[in-house]
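Step one of this worksheet: look at the structure below.
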Amino acid sequence: MGNTHDDTEGCLLVGTYFHKSYDDWGVYQSAEAYKQLYRTIIERVKIGQVTLKIENKFSR
């Protein structure tokens, strides 16, 4: 969990929203977003429906 690139070493950071502060972008409410994502993944694993696709569709 984290808000900016300083909070990660390349791992996915999730949040409920994002915006630019000063000269960098950040994601916010990361703990809540992580918990929801984790619950969703676990539910899908239990029923055998797991496909996780991570795409970078962010454009400046």
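Letters A, B, ... mark the chains of the structure tokens in the order given; residue numbers begin at 1 per chain; ligand numbers begin at 1, in order shown.
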
Subject >> Residues of chain A in helix (DSSP H, G or I), written as an MDAnalysis selection string >> reply: chainID A and resid 5:7 30:47

Residues of the last selection are to be written out with N, CA, C and O atoms, as a PDB file, in the first residue's frame.
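The result, stored in again23.pdb:
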ATOM      1  N   HIS A   5       5.308   6.937  -6.124  1.00  0.00           N
ATOM      2  CA  HIS A   5       6.386   6.036  -6.530  1.00  0.00           C
ATOM      3  C   HIS A   5       7.425   5.860  -5.415  1.00  0.00           C
ATOM      4  O   HIS A   5       8.133   4.860  -5.388  1.00  0.00           O
ATOM      5  N   ASP A   6       7.494   6.795  -4.490  1.00  0.00           N
ATOM      6  CA  ASP A   6       8.413   6.646  -3.349  1.00  0.00           C
ATOM      7  C   ASP A   6       7.989   5.511  -2.422  1.00  0.00           C
ATOM      8  O   ASP A   6       8.797   5.036  -1.626  1.00  0.00           O
ATOM      9  N   ASP A   7       6.747   5.074  -2.520  1.00  0.00           N
ATOM     10  CA  ASP A   7       6.213   4.032  -1.640  1.00  0.00           C
ATOM     11  C   ASP A   7       6.319   2.636  -2.236  1.00  0.00           C
ATOM     12  O   ASP A   7       5.800   1.681  -1.658  1.00  0.00           O
ATOM     13  N   SER A  30      -5.313   4.073  -0.586  1.00  0.00           N
ATOM     14  CA  SER A  30      -4.712   2.828  -1.052  1.00  0.00           C
ATOM     15  C   SER A  30      -5.049   1.631  -0.175  1.00  0.00           C
ATOM     16  O   SER A  30      -5.205   0.523  -0.682  1.00  0.00           O
ATOM     17  N   ALA A  31      -5.165   1.838   1.133  1.00  0.00           N
ATOM     18  CA  ALA A  31      -5.481   0.707   2.009  1.00  0.00           C
ATOM     19  C   ALA A  31      -6.862   0.138   1.683  1.00  0.00           C
ATOM     20  O   ALA A  31      -7.028  -1.079   1.562  1.00  0.00           O
ATOM     21  N   GLU A  32      -7.839   1.010   1.512  1.00  0.00           N
ATOM     22  CA  GLU A  32      -9.194   0.551   1.182  1.00  0.00           C
ATOM     23  C   GLU A  32      -9.217  -0.134  -0.186  1.00  0.00           C
ATOM     24  O   GLU A  32      -9.837  -1.182  -0.367  1.00  0.00           O
ATOM     25  N   ALA A  33      -8.543   0.451  -1.165  1.00  0.00           N
ATOM     26  CA  ALA A  33      -8.507  -0.143  -2.505  1.00  0.00           C
ATOM     27  C   ALA A  33      -7.809  -1.497  -2.492  1.00  0.00           C
ATOM     28  O   ALA A  33      -8.256  -2.438  -3.139  1.00  0.00           O
ATOM     29  N   TYR A  34      -6.720  -1.611  -1.745  1.00  0.00           N
ATOM     30  CA  TYR A  34      -5.998  -2.880  -1.639  1.00  0.00           C
ATOM     31  C   TYR A  34      -6.888  -3.959  -1.034  1.00  0.00           C
ATOM     32  O   TYR A  34      -6.950  -5.083  -1.537  1.00  0.00           O
ATOM     33  N   LYS A  35      -7.574  -3.618   0.053  1.00  0.00           N
ATOM     34  CA  LYS A  35      -8.443  -4.598   0.708  1.00  0.00           C
ATOM     35  C   LYS A  35      -9.538  -5.079  -0.241  1.00  0.00           C
ATOM     36  O   LYS A  35      -9.840  -6.276  -0.294  1.00  0.00           O
ATOM     37  N   GLN A  36     -10.128  -4.170  -0.996  1.00  0.00           N
ATOM     38  CA  GLN A  36     -11.182  -4.551  -1.942  1.00  0.00           C
ATOM     39  C   GLN A  36     -10.620  -5.421  -3.064  1.00  0.00           C
ATOM     40  O   GLN A  36     -11.217  -6.437  -3.429  1.00  0.00           O
ATOM     41  N   LEU A  37      -9.478  -5.047  -3.598  1.00  0.00           N
ATOM     42  CA  LEU A  37      -8.857  -5.842  -4.659  1.00  0.00           C
ATOM     43  C   LEU A  37      -8.505  -7.233  -4.154  1.00  0.00           C
ATOM     44  O   LEU A  37      -8.775  -8.236  -4.816  1.00  0.00           O
ATOM     45  N   TYR A  38      -7.923  -7.319  -2.972  1.00  0.00           N
ATOM     46  CA  TYR A  38      -7.547  -8.599  -2.388  1.00  0.00           C
ATOM     47  C   TYR A  38      -8.767  -9.485  -2.200  1.00  0.00           C
ATOM     48  O   TYR A  38      -8.750 -10.668  -2.549  1.00  0.00           O
ATOM     49  N   ARG A  39      -9.848  -8.919  -1.636  1.00  0.00           N
ATOM     50  CA  ARG A  39     -11.081  -9.706  -1.445  1.00  0.00           C
ATOM     51  C   ARG A  39     -11.599 -10.234  -2.783  1.00  0.00           C
ATOM     52  O   ARG A  39     -12.016 -11.387  -2.890  1.00  0.00           O
ATOM     53  N   THR A  40     -11.593  -9.384  -3.795  1.00  0.00           N
ATOM     54  CA  THR A  40     -12.088  -9.783  -5.113  1.00  0.00           C
ATOM     55  C   THR A  40     -11.242 -10.907  -5.698  1.00  0.00           C
ATOM     56  O   THR A  40     -11.773 -11.890  -6.221  1.00  0.00           O
ATOM     57  N   ILE A  41      -9.933 -10.788  -5.596  1.00  0.00           N
ATOM     58  CA  ILE A  41      -9.044 -11.832  -6.127  1.00  0.00           C
ATOM     59  C   ILE A  41      -9.264 -13.142  -5.390  1.00  0.00           C
ATOM     60  O   ILE A  41      -9.380 -14.204  -6.012  1.00  0.00           O
ATOM     61  N   ILE A  42      -9.341 -13.096  -4.067  1.00  0.00           N
ATOM     62  CA  ILE A  42      -9.549 -14.322  -3.282  1.00  0.00           C
ATOM     63  C   ILE A  42     -10.878 -14.980  -3.639  1.00  0.00           C
ATOM     64  O   ILE A  42     -10.956 -16.207  -3.798  1.00  0.00           O
ATOM     65  N   GLU A  43     -11.939 -14.195  -3.788  1.00  0.00           N
ATOM     66  CA  GLU A  43     -13.236 -14.762  -4.178  1.00  0.00           C
ATOM     67  C   GLU A  43     -13.128 -15.478  -5.512  1.00  0.00           C
ATOM     68  O   GLU A  43     -13.681 -16.570  -5.691  1.00  0.00           O
ATOM     69  N   ARG A  44     -12.434 -14.880  -6.464  1.00  0.00           N
ATOM     70  CA  ARG A  44     -12.287 -15.492  -7.791  1.00  0.00           C
ATOM     71  C   ARG A  44     -11.411 -16.738  -7.743  1.00  0.00           C
ATOM     72  O   ARG A  44     -11.679 -17.715  -8.449  1.00  0.00           O
ATOM     73  N   VAL A  45     -10.363 -16.714  -6.945  1.00  0.00           N
ATOM     74  CA  VAL A  45      -9.495 -17.887  -6.807  1.00  0.00           C
ATOM     75  C   VAL A  45     -10.302 -19.065  -6.274  1.00  0.00           C
ATOM     76  O   VAL A  45     -10.177 -20.196  -6.752  1.00  0.00           O
ATOM     77  N   LYS A  46     -11.152 -18.809  -5.303  1.00  0.00           N
ATOM     78  CA  LYS A  46     -11.942 -19.880  -4.691  1.00  0.00           C
ATOM     79  C   LYS A  46     -12.872 -20.560  -5.690  1.00  0.00           C
ATOM     80  O   LYS A  46     -13.152 -21.750  -5.551  1.00  0.00           O
ATOM     81  N   ILE A  47     -13.350 -19.836  -6.694  1.00  0.00           N
ATOM     82  CA  ILE A  47     -14.247 -20.456  -7.679  1.00  0.00           C
ATOM     83  C   ILE A  47     -13.544 -20.752  -9.004  1.00  0.00           C
ATOM     84  O   ILE A  47     -14.180 -21.154  -9.959  1.00  0.00           O
TER      85      ILE A  47
END

Original post:
So how many Å separate atom CA of Thr8 of chain A and atom CA of Gln49 of chain A, to one decimal?
Top reply: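 One can read the atom CA of Thr8 of chain A to atom CA of Gln49 of chain A distance as 28.1 Å.
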